[in-house]
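Below is start_2.tsv, which holds TSV, C-alpha atoms.
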chain	number	residue	atom	x	y	z
J	8	MET	CA	-184.13	-35.71	-150.13
J	9	PHE	CA	-180.44	-36.43	-150.68
J	10	LYS	CA	-180.94	-36.48	-154.43
J	11	SER	CA	-182.78	-33.17	-154.22
J	12	GLN	CA	-179.99	-31.56	-152.21
J	13	SER	CA	-177.37	-32.87	-154.64
J	14	LYS	CA	-179.37	-31.53	-157.54
J	15	ASN	CA	-179.69	-28.14	-155.87
J	16	ALA	CA	-175.98	-28.03	-155.08
J	17	LEU	CA	-175.14	-28.90	-158.68
J	18	CYS	CA	-177.43	-26.13	-159.90
J	19	MET	CA	-175.77	-23.64	-157.54
J	20	VAL	CA	-172.29	-24.63	-158.70
J	21	SER	CA	-173.39	-24.32	-162.33
J	22	LEU	CA	-174.93	-20.91	-161.62
J	23	VAL	CA	-171.78	-19.66	-159.88
J	24	ILE	CA	-169.58	-20.86	-162.74
J	25	SER	CA	-171.89	-19.21	-165.29
J	26	VAL	CA	-171.82	-15.92	-163.40
J	27	LEU	CA	-168.02	-16.05	-163.17
J	28	ILE	CA	-167.74	-16.68	-166.90
J	29	ILE	CA	-170.07	-13.76	-167.66
J	30	LEU	CA	-168.11	-11.45	-165.32
J	31	VAL	CA	-164.80	-12.45	-166.89
J	32	VAL	CA	-166.12	-11.91	-170.42
J	33	PHE	CA	-167.63	-8.52	-169.64
J	34	SER	CA	-164.67	-7.35	-167.58
J	35	GLY	CA	-162.40	-8.35	-170.45
J	36	CYS	CA	-164.44	-6.28	-172.88
J	37	ALA	CA	-164.38	-3.31	-170.54
J	38	ALA	CA	-160.63	-3.68	-170.06
J	39	ASP	CA	-160.08	-3.63	-173.82
J	40	ASN	CA	-162.02	-0.40	-174.06
J	41	ASP	CA	-160.28	1.21	-171.09
J	42	VAL	CA	-156.68	0.31	-171.97
J	43	PRO	CA	-154.76	3.53	-172.65
J	44	GLU	CA	-152.86	3.78	-175.89
J	45	VAL	CA	-149.25	2.65	-175.55
J	46	ALA	CA	-146.90	5.53	-176.20
J	47	GLU	CA	-144.59	5.21	-179.16
J	48	PRO	CA	-141.04	4.33	-178.04
J	49	ALA	CA	-138.84	7.42	-177.89
J	50	ASP	CA	-136.24	7.88	-180.62
J	51	PRO	CA	-132.80	6.82	-179.38
J	52	ILE	CA	-129.91	9.23	-178.96
J	53	VAL	CA	-127.32	7.89	-181.41
J	54	LEU	CA	-123.66	7.93	-180.35
J	55	GLY	CA	-121.09	7.48	-183.09
J	56	VAL	CA	-117.77	5.88	-182.12
J	57	LEU	CA	-114.79	6.55	-184.39
J	58	GLY	CA	-111.44	4.85	-184.14
J	59	SER	CA	-108.96	2.32	-185.39
J	60	LEU	CA	-110.92	-0.49	-183.80
J	61	GLU	CA	-108.39	-3.27	-184.39
J	62	TYR	CA	-106.16	-1.62	-181.78
J	63	THR	CA	-106.47	-1.98	-178.02
J	64	THR	CA	-107.20	1.60	-176.92
J	65	PRO	CA	-110.01	2.47	-179.36
J	66	ASP	CA	-111.45	-1.03	-179.11
J	67	GLY	CA	-111.45	-0.74	-175.31
J	68	ALA	CA	-113.13	2.67	-175.57
J	69	LEU	CA	-115.88	1.18	-177.75
J	70	LYS	CA	-116.43	-1.64	-175.26
J	71	ALA	CA	-116.58	0.86	-172.39
J	72	ALA	CA	-119.11	3.01	-174.26
J	73	THR	CA	-121.20	-0.06	-175.07
J	74	LEU	CA	-121.24	-1.12	-171.42
J	75	ALA	CA	-122.22	2.40	-170.31
J	76	VAL	CA	-125.05	2.53	-172.85
J	77	GLU	CA	-126.39	-0.83	-171.68
J	78	GLU	CA	-126.39	0.30	-168.03
J	79	ILE	CA	-128.03	3.66	-168.84
J	80	ASN	CA	-130.74	2.00	-170.94
J	81	GLU	CA	-131.44	-0.57	-168.22
J	82	ALA	CA	-131.98	2.35	-165.83
J	83	GLY	CA	-134.53	3.92	-168.18
J	84	GLY	CA	-132.43	6.00	-170.54
J	85	VAL	CA	-131.64	9.72	-170.53
J	86	LYS	CA	-134.26	12.31	-169.61
J	87	VAL	CA	-134.73	14.85	-172.38
J	88	GLY	CA	-137.50	17.32	-171.58
J	89	ASP	CA	-140.44	15.28	-170.32
J	90	GLU	CA	-139.42	11.92	-171.82
J	91	TYR	CA	-136.72	9.32	-171.30
J	92	ARG	CA	-134.79	8.37	-174.41
J	93	PRO	CA	-132.58	5.30	-174.86
J	94	LEU	CA	-129.04	5.47	-176.20
J	95	SER	CA	-127.67	3.51	-179.12
J	96	ILE	CA	-124.18	3.14	-180.57
J	97	VAL	CA	-122.97	3.07	-184.16
J	98	ALA	CA	-119.27	2.50	-184.73
J	99	ILE	CA	-116.91	2.61	-187.68
J	100	ASP	CA	-113.31	1.48	-188.03
J	101	THR	CA	-111.27	4.40	-189.37
J	102	ARG	CA	-108.19	2.13	-189.59
J	103	ASP	CA	-106.04	5.25	-189.11
J	104	LEU	CA	-103.46	3.46	-186.94
J	105	GLU	CA	-102.80	0.79	-189.54
J	106	PRO	CA	-99.56	1.17	-191.56
J	107	GLY	CA	-100.07	2.53	-195.04
J	108	ILE	CA	-103.69	3.67	-194.63
J	109	PRO	CA	-103.97	6.97	-196.51
J	110	LEU	CA	-105.57	9.98	-194.89
J	111	HIS	CA	-108.48	10.13	-197.34
J	112	ASP	CA	-109.52	6.54	-196.49
J	113	ALA	CA	-109.83	7.42	-192.81
J	114	LEU	CA	-111.77	10.60	-193.70
J	115	ALA	CA	-114.10	8.58	-195.91
J	116	ALA	CA	-114.96	6.44	-192.88
J	117	VAL	CA	-115.73	9.59	-190.85
J	118	GLU	CA	-118.02	10.94	-193.58
J	119	LYS	CA	-119.73	7.56	-193.99
J	120	LEU	CA	-120.62	7.45	-190.28
J	121	LEU	CA	-121.85	11.06	-190.28
J	122	HIS	CA	-124.01	10.86	-193.37
J	123	GLU	CA	-125.35	7.30	-193.16
J	124	ASP	CA	-125.92	6.91	-189.41
J	125	ASN	CA	-126.65	10.55	-188.49
J	126	PRO	CA	-125.22	10.37	-184.95
J	127	ASP	CA	-126.23	12.93	-182.35
J	128	ALA	CA	-122.70	12.95	-180.89
J	129	LEU	CA	-119.26	11.50	-181.63
J	130	LEU	CA	-116.91	9.72	-179.22
J	131	VAL	CA	-113.27	8.61	-179.01
J	132	GLY	CA	-111.50	9.42	-182.30
J	133	PRO	CA	-110.30	9.66	-185.00
J	134	THR	CA	-107.35	7.96	-183.38
J	135	ARG	CA	-104.40	9.65	-185.11
J	136	SER	CA	-103.95	13.39	-184.57
J	137	GLU	CA	-103.41	14.25	-188.24
J	138	VAL	CA	-106.69	12.48	-189.12
J	139	LEU	CA	-108.46	14.34	-186.33
J	140	PHE	CA	-107.29	17.72	-187.66
J	141	ALA	CA	-108.37	16.85	-191.19
J	142	ALA	CA	-111.76	15.67	-189.90
J	143	MET	CA	-112.43	18.62	-187.57
J	144	ASP	CA	-113.96	20.81	-190.30
J	145	ILE	CA	-116.16	17.95	-191.53
J	146	ILE	CA	-117.39	17.31	-188.00
J	147	ALA	CA	-117.81	21.02	-187.21
J	148	ASP	CA	-120.30	21.34	-190.08
J	149	GLN	CA	-122.60	18.87	-188.28
J	150	LYS	CA	-122.67	21.00	-185.08
J	151	ILE	CA	-122.78	17.93	-182.82
J	152	PRO	CA	-120.75	17.26	-179.64
J	153	HIS	CA	-117.44	15.55	-180.33
J	154	LEU	CA	-115.66	14.06	-177.29
J	155	ILE	CA	-112.03	13.24	-178.13
J	156	THR	CA	-110.30	10.65	-175.94
J	157	ILE	CA	-107.17	9.52	-177.78
J	158	PRO	CA	-105.34	12.07	-180.04
J	159	PHE	CA	-102.66	13.83	-177.95
J	160	SER	CA	-101.41	16.70	-180.11
J	161	PRO	CA	-101.63	20.13	-178.41
J	162	GLU	CA	-102.50	21.51	-181.85
J	163	PHE	CA	-106.11	20.74	-180.91
J	164	GLU	CA	-106.13	23.37	-178.16
J	165	ALA	CA	-104.43	25.85	-180.51
J	166	ARG	CA	-107.14	25.41	-183.15
J	167	LEU	CA	-109.89	25.76	-180.57
J	168	THR	CA	-108.34	28.96	-179.24
J	169	GLU	CA	-107.87	30.47	-182.69
J	170	ASP	CA	-111.37	29.67	-183.97
J	171	TYR	CA	-113.59	28.82	-181.04
J	172	GLU	CA	-116.86	29.52	-182.87
J	173	THR	CA	-116.11	26.86	-185.49
J	174	TYR	CA	-114.75	24.18	-183.19
J	175	LYS	CA	-116.75	24.85	-180.00
J	176	TYR	CA	-118.54	21.48	-180.26
J	177	SER	CA	-115.27	19.53	-179.88
J	178	PHE	CA	-113.90	18.63	-176.45
J	179	ARG	CA	-110.70	16.85	-175.45
J	180	ILE	CA	-111.33	14.69	-172.39
J	181	CYS	CA	-107.84	13.18	-172.24
J	182	SER	CA	-104.34	14.50	-171.62
J	183	ASN	CA	-102.29	16.05	-174.40
J	184	ALA	CA	-98.70	15.17	-175.30
J	185	PHE	CA	-97.20	17.84	-173.00
J	186	ASP	CA	-99.15	16.52	-170.01
J	187	ILE	CA	-98.13	12.93	-170.70
J	188	ALA	CA	-94.46	13.88	-171.17
J	189	GLY	CA	-94.55	15.87	-167.95
J	190	ILE	CA	-96.11	13.01	-166.01
J	191	ASN	CA	-93.54	10.53	-167.34
J	192	ALA	CA	-90.65	12.88	-166.59
J	193	THR	CA	-91.90	13.53	-163.05
J	194	ALA	CA	-92.35	9.81	-162.47
J	195	GLY	CA	-88.85	9.14	-163.79
J	196	VAL	CA	-87.27	11.71	-161.46
J	197	PHE	CA	-89.22	10.31	-158.49
J	198	VAL	CA	-88.17	6.71	-159.19
J	199	SER	CA	-84.55	7.78	-159.79
J	200	GLU	CA	-84.34	9.66	-156.50
J	201	ALA	CA	-86.25	7.03	-154.51
J	202	LEU	CA	-84.04	4.17	-155.72
J	203	GLY	CA	-80.79	6.09	-155.86
J	204	PHE	CA	-80.18	5.75	-159.61
J	205	ASP	CA	-77.32	7.97	-160.79
J	206	LYS	CA	-77.48	7.14	-164.50
J	207	LYS	CA	-79.77	9.04	-166.88
J	208	VAL	CA	-81.43	8.08	-170.14
J	209	PHE	CA	-82.79	10.77	-172.47
J	210	ILE	CA	-85.66	9.94	-174.86
Can you dump the structure from the file as structure tokens?
Amino acid sequence: MFKSQSKNALCMVSLVISVLIILVVFSGCAADNDVPEVAEPADPIVLGVLGSLEYTTPDGALKAATLAVEEINEAGGVKVGDEYRPLSIVAIDTRDLEPGIPLHDALAAVEKLLHEDNPDALLVGPTRSEVLFAAMDIIADQKIPHLITIPFSPEFEARLTEDYETYKYSFRICSNAFDIAGINATAGVFVSEALGFDKKVFI
């Protein structure tokens, strides 16, 4: 009787295992058929960073932009219409703060970034104001947002006022030279009065 019960138990275990295997196989087949197609990854929004990247300010701006892009992508990207798109960065060193770098070399770097990497927007530079003014027409032809964070010349505002339709895609998001001079002068007067300085230095 014991042998018979053992044999029956073994048969039951074998039957259960066989049924489980069959269920797993068939459920796997059904799952393969029911899996929805994976959507193609959305095209990234390409941000081009221009600047003399061997120098602290433009290099720091590139690092800040890179950090921001990483955080935005980790959060799912930017919603455009009904989809979320990641951001990506392409950067080029315009070298326009280096001594002896001619204007046309810096402009060649701008054109290289625009035509080879096809950015959807530009950030930071060019770094030197005279390079920015020479590049503004090249950038305006692309009709993409251009967020300027370093060049200080008030000539930028003058150009925008005179020909808004051409340059309406460019935005200064930093102070200009007049603002910076005013801030420094105000700070100097405050420190002089607070500390009782009676000597003046003119720069």
Excluding segment 176-186 of chain J and any residue of its chain fewer than 2 positions from it, enumerate the residues within 12 Å of it, using all atoms listed in the file, and give them as a JSON list (two decimals) with C-alpha atoms, keeping the file's coordinate frame.
[["chain", "number", "residue", "atom", "x", "y", "z"],
["J", 127, "ASP", "CA", -126.23, 12.93, -182.35],
["J", 128, "ALA", "CA", -122.70, 12.95, -180.89],
["J", 129, "LEU", "CA", -119.26, 11.50, -181.63],
["J", 130, "LEU", "CA", -116.91, 9.72, -179.22],
["J", 131, "VAL", "CA", -113.27, 8.61, -179.01],
["J", 132, "GLY", "CA", -111.50, 9.42, -182.30],
["J", 133, "PRO", "CA", -110.30, 9.66, -185.00],
["J", 136, "SER", "CA", -103.95, 13.39, -184.57],
["J", 139, "LEU", "CA", -108.46, 14.34, -186.33],
["J", 140, "PHE", "CA", -107.29, 17.72, -187.66],
["J", 142, "ALA", "CA", -111.76, 15.67, -189.90],
["J", 143, "MET", "CA", -112.43, 18.62, -187.57],
["J", 144, "ASP", "CA", -113.96, 20.81, -190.30],
["J", 145, "ILE", "CA", -116.16, 17.95, -191.53],
["J", 146, "ILE", "CA", -117.39, 17.31, -188.00],
["J", 147, "ALA", "CA", -117.81, 21.02, -187.21],
["J", 148, "ASP", "CA", -120.30, 21.34, -190.08],
["J", 149, "GLN", "CA", -122.60, 18.87, -188.28],
["J", 150, "LYS", "CA", -122.67, 21.00, -185.08],
["J", 151, "ILE", "CA", -122.78, 17.93, -182.82],
["J", 152, "PRO", "CA", -120.75, 17.26, -179.64],
["J", 153, "HIS", "CA", -117.44, 15.55, -180.33],
["J", 154, "LEU", "CA", -115.66, 14.06, -177.29],
["J", 155, "ILE", "CA", -112.03, 13.24, -178.13],
["J", 156, "THR", "CA", -110.30, 10.65, -175.94],
["J", 157, "ILE", "CA", -107.17, 9.52, -177.78],
["J", 158, "PRO", "CA", -105.34, 12.07, -180.04],
["J", 159, "PHE", "CA", -102.66, 13.83, -177.95],
["J", 160, "SER", "CA", -101.41, 16.70, -180.11],
["J", 161, "PRO", "CA", -101.63, 20.13, -178.41],
["J", 162, "GLU", "CA", -102.50, 21.51, -181.85],
["J", 163, "PHE", "CA", -106.11, 20.74, -180.91],
["J", 164, "GLU", "CA", -106.13, 23.37, -178.16],
["J", 165, "ALA", "CA", -104.43, 25.85, -180.51],
["J", 166, "ARG", "CA", -107.14, 25.41, -183.15],
["J", 167, "LEU", "CA", -109.89, 25.76, -180.57],
["J", 168, "THR", "CA", -108.34, 28.96, -179.24],
["J", 170, "ASP", "CA", -111.37, 29.67, -183.97],
["J", 171, "TYR", "CA", -113.59, 28.82, -181.04],
["J", 172, "GLU", "CA", -116.86, 29.52, -182.87],
["J", 173, "THR", "CA", -116.11, 26.86, -185.49],
["J", 174, "TYR", "CA", -114.75, 24.18, -183.19],
["J", 188, "ALA", "CA", -94.46, 13.88, -171.17],
["J", 189, "GLY", "CA", -94.55, 15.87, -167.95],
["J", 190, "ILE", "CA", -96.11, 13.01, -166.01],
["J", 191, "ASN", "CA", -93.54, 10.53, -167.34],
["J", 192, "ALA", "CA", -90.65, 12.88, -166.59],
["J", 193, "THR", "CA", -91.90, 13.53, -163.05]]
Select, from J:Asp124, J:Pro65, J:Ile52, J:Ala116, the residue with the minimum atom-to-atom distance to Lys86 of chain J, counting only C-alpha atoms.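 Smallest distance to Lys86 of chain J is found for J:Ile52.
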Taking only C-alpha atoms into account, name the residue in J:Ala72, J:Val53, J:Ala113, J:Val138 that is nearest to Leu94 of chain J.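 With only C-alpha atoms as the atom set, the closest residue is J:Val53.
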In Å, rounded to a single decimal, give me how far atom CA of Ala68 of chain J is from atom CA of Arg102 of chain J. 14.9 Å
Can you tell me how far atom CA of Ala75 of chain J sits from atom CA of Ala98 of chain J, in Å to one decimal?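 Between atom CA of Ala75 of chain J and atom CA of Ala98 of chain J the gap is 14.7 Å.
With distances taken over all atoms listed in the file, J:Leu69 is the one residue among J:Ala82, J:Leu69, J:Leu114, J:Val196 lying closest to Ile96 of chain J.
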Can you work out the spacing between atom CA of Tyr91 of chain J and atom CA of Asn125 of chain J in Å, to one decimal?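 That distance, rounded to one decimal, is 20.0 Å.
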Here is a test: counting all atoms listed in the file, which residue of J:Ala141, J:Leu104, J:Val198, J:Ala49 is nearest to Gly88 of chain J?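 Result for the nearest residue to Gly88 of chain J: J:Ala49.
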Excluding Ile99 of chain J and any residue of its chain fewer than 2 positions from it, enumerate the residues within 9 Å of it, using all atoms listed in the file, and give them as a count of residues only. 13
For each of J:Glu90, J:Asp50, J:Asp103, J:Glu200, take the minimum atom-to-atom distance to Glu137 of chain J, counting all atoms listed in the file, then give the residue where this is smallest. J:Asp103
Between J:Pro109, J:Ile187, J:Glu78, J:Gly83, which is the closest to Arg135 of chain J once you count only C-alpha atoms? J:Pro109
How would segment 123-151 of chain J read, as a short mmCIF file (atom, residue, chain, number, x, y, z; two decimals), in the coordinates of the input, once N, CA and C atoms are built in?
data_model
loop_
_atom_site.label_atom_id
_atom_site.label_comp_id
_atom_site.auth_asym_id
_atom_site.auth_seq_id
_atom_site.Cartn_x
_atom_site.Cartn_y
_atom_site.Cartn_z
N GLU J 123 -124.47 8.48 -193.09
CA GLU J 123 -125.35 7.30 -193.16
C GLU J 123 -126.04 7.00 -191.84
N ASP J 124 -125.35 7.26 -190.72
CA ASP J 124 -125.92 6.91 -189.41
C ASP J 124 -126.47 8.11 -188.65
N ASN J 125 -126.14 9.32 -189.10
CA ASN J 125 -126.65 10.55 -188.49
C ASN J 125 -126.55 10.55 -186.96
N PRO J 126 -125.36 10.40 -186.42
CA PRO J 126 -125.22 10.37 -184.95
C PRO J 126 -125.53 11.73 -184.34
N ASP J 127 -125.97 11.70 -183.09
CA ASP J 127 -126.23 12.93 -182.35
C ASP J 127 -124.98 13.44 -181.64
N ALA J 128 -123.98 12.58 -181.50
CA ALA J 128 -122.70 12.95 -180.89
C ALA J 128 -121.64 11.96 -181.34
N LEU J 129 -120.38 12.37 -181.25
CA LEU J 129 -119.26 11.50 -181.63
C LEU J 129 -118.35 11.29 -180.43
N LEU J 130 -117.78 10.08 -180.34
CA LEU J 130 -116.91 9.72 -179.22
C LEU J 130 -115.60 9.13 -179.72
N VAL J 131 -114.57 9.29 -178.94
CA VAL J 131 -113.27 8.61 -179.01
C VAL J 131 -112.31 9.24 -180.03
N GLY J 132 -112.51 9.04 -181.33
CA GLY J 132 -111.50 9.42 -182.30
C GLY J 132 -111.96 10.48 -183.27
N PRO J 133 -111.31 10.55 -184.45
CA PRO J 133 -110.30 9.66 -185.00
C PRO J 133 -109.11 9.46 -184.06
N THR J 134 -108.39 8.37 -184.31
CA THR J 134 -107.35 7.96 -183.38
C THR J 134 -106.06 8.74 -183.57
N ARG J 135 -105.65 8.97 -184.82
CA ARG J 135 -104.40 9.65 -185.11
C ARG J 135 -104.64 11.15 -185.19
N SER J 136 -103.74 11.94 -184.64
CA SER J 136 -103.95 13.39 -184.57
C SER J 136 -104.12 14.01 -185.95
N GLU J 137 -103.31 13.62 -186.93
CA GLU J 137 -103.41 14.25 -188.24
C GLU J 137 -104.77 13.96 -188.89
N VAL J 138 -105.35 12.79 -188.60
CA VAL J 138 -106.69 12.48 -189.12
C VAL J 138 -107.74 13.32 -188.39
N LEU J 139 -107.55 13.49 -187.08
CA LEU J 139 -108.46 14.34 -186.33
C LEU J 139 -108.50 15.75 -186.91
N PHE J 140 -107.31 16.34 -187.17
CA PHE J 140 -107.29 17.72 -187.66
C PHE J 140 -107.94 17.84 -189.03
N ALA J 141 -107.73 16.83 -189.88
CA ALA J 141 -108.37 16.85 -191.19
C ALA J 141 -109.88 16.67 -191.09
N ALA J 142 -110.32 15.96 -190.05
CA ALA J 142 -111.76 15.67 -189.90
C ALA J 142 -112.50 16.77 -189.14
N MET J 143 -111.77 17.65 -188.44
CA MET J 143 -112.43 18.62 -187.57
C MET J 143 -113.41 19.51 -188.32
N ASP J 144 -113.05 19.94 -189.53
CA ASP J 144 -113.96 20.81 -190.30
C ASP J 144 -115.20 20.05 -190.75
N ILE J 145 -115.02 18.78 -191.12
CA ILE J 145 -116.16 17.95 -191.53
C ILE J 145 -117.13 17.79 -190.36
N ILE J 146 -116.57 17.52 -189.20
CA ILE J 146 -117.39 17.31 -188.00
C ILE J 146 -118.03 18.62 -187.54
N ALA J 147 -117.29 19.72 -187.64
CA ALA J 147 -117.81 21.02 -187.21
C ALA J 147 -119.05 21.41 -187.99
N ASP J 148 -119.12 21.02 -189.26
CA ASP J 148 -120.30 21.34 -190.08
C ASP J 148 -121.57 20.71 -189.53
N GLN J 149 -121.43 19.58 -188.81
CA GLN J 149 -122.60 18.87 -188.28
C GLN J 149 -123.12 19.51 -186.99
N LYS J 150 -122.27 20.32 -186.34
CA LYS J 150 -122.67 21.00 -185.08
C LYS J 150 -123.20 19.99 -184.04
N ILE J 151 -122.43 18.92 -183.84
CA ILE J 151 -122.78 17.93 -182.82
C ILE J 151 -121.61 17.78 -181.85
#
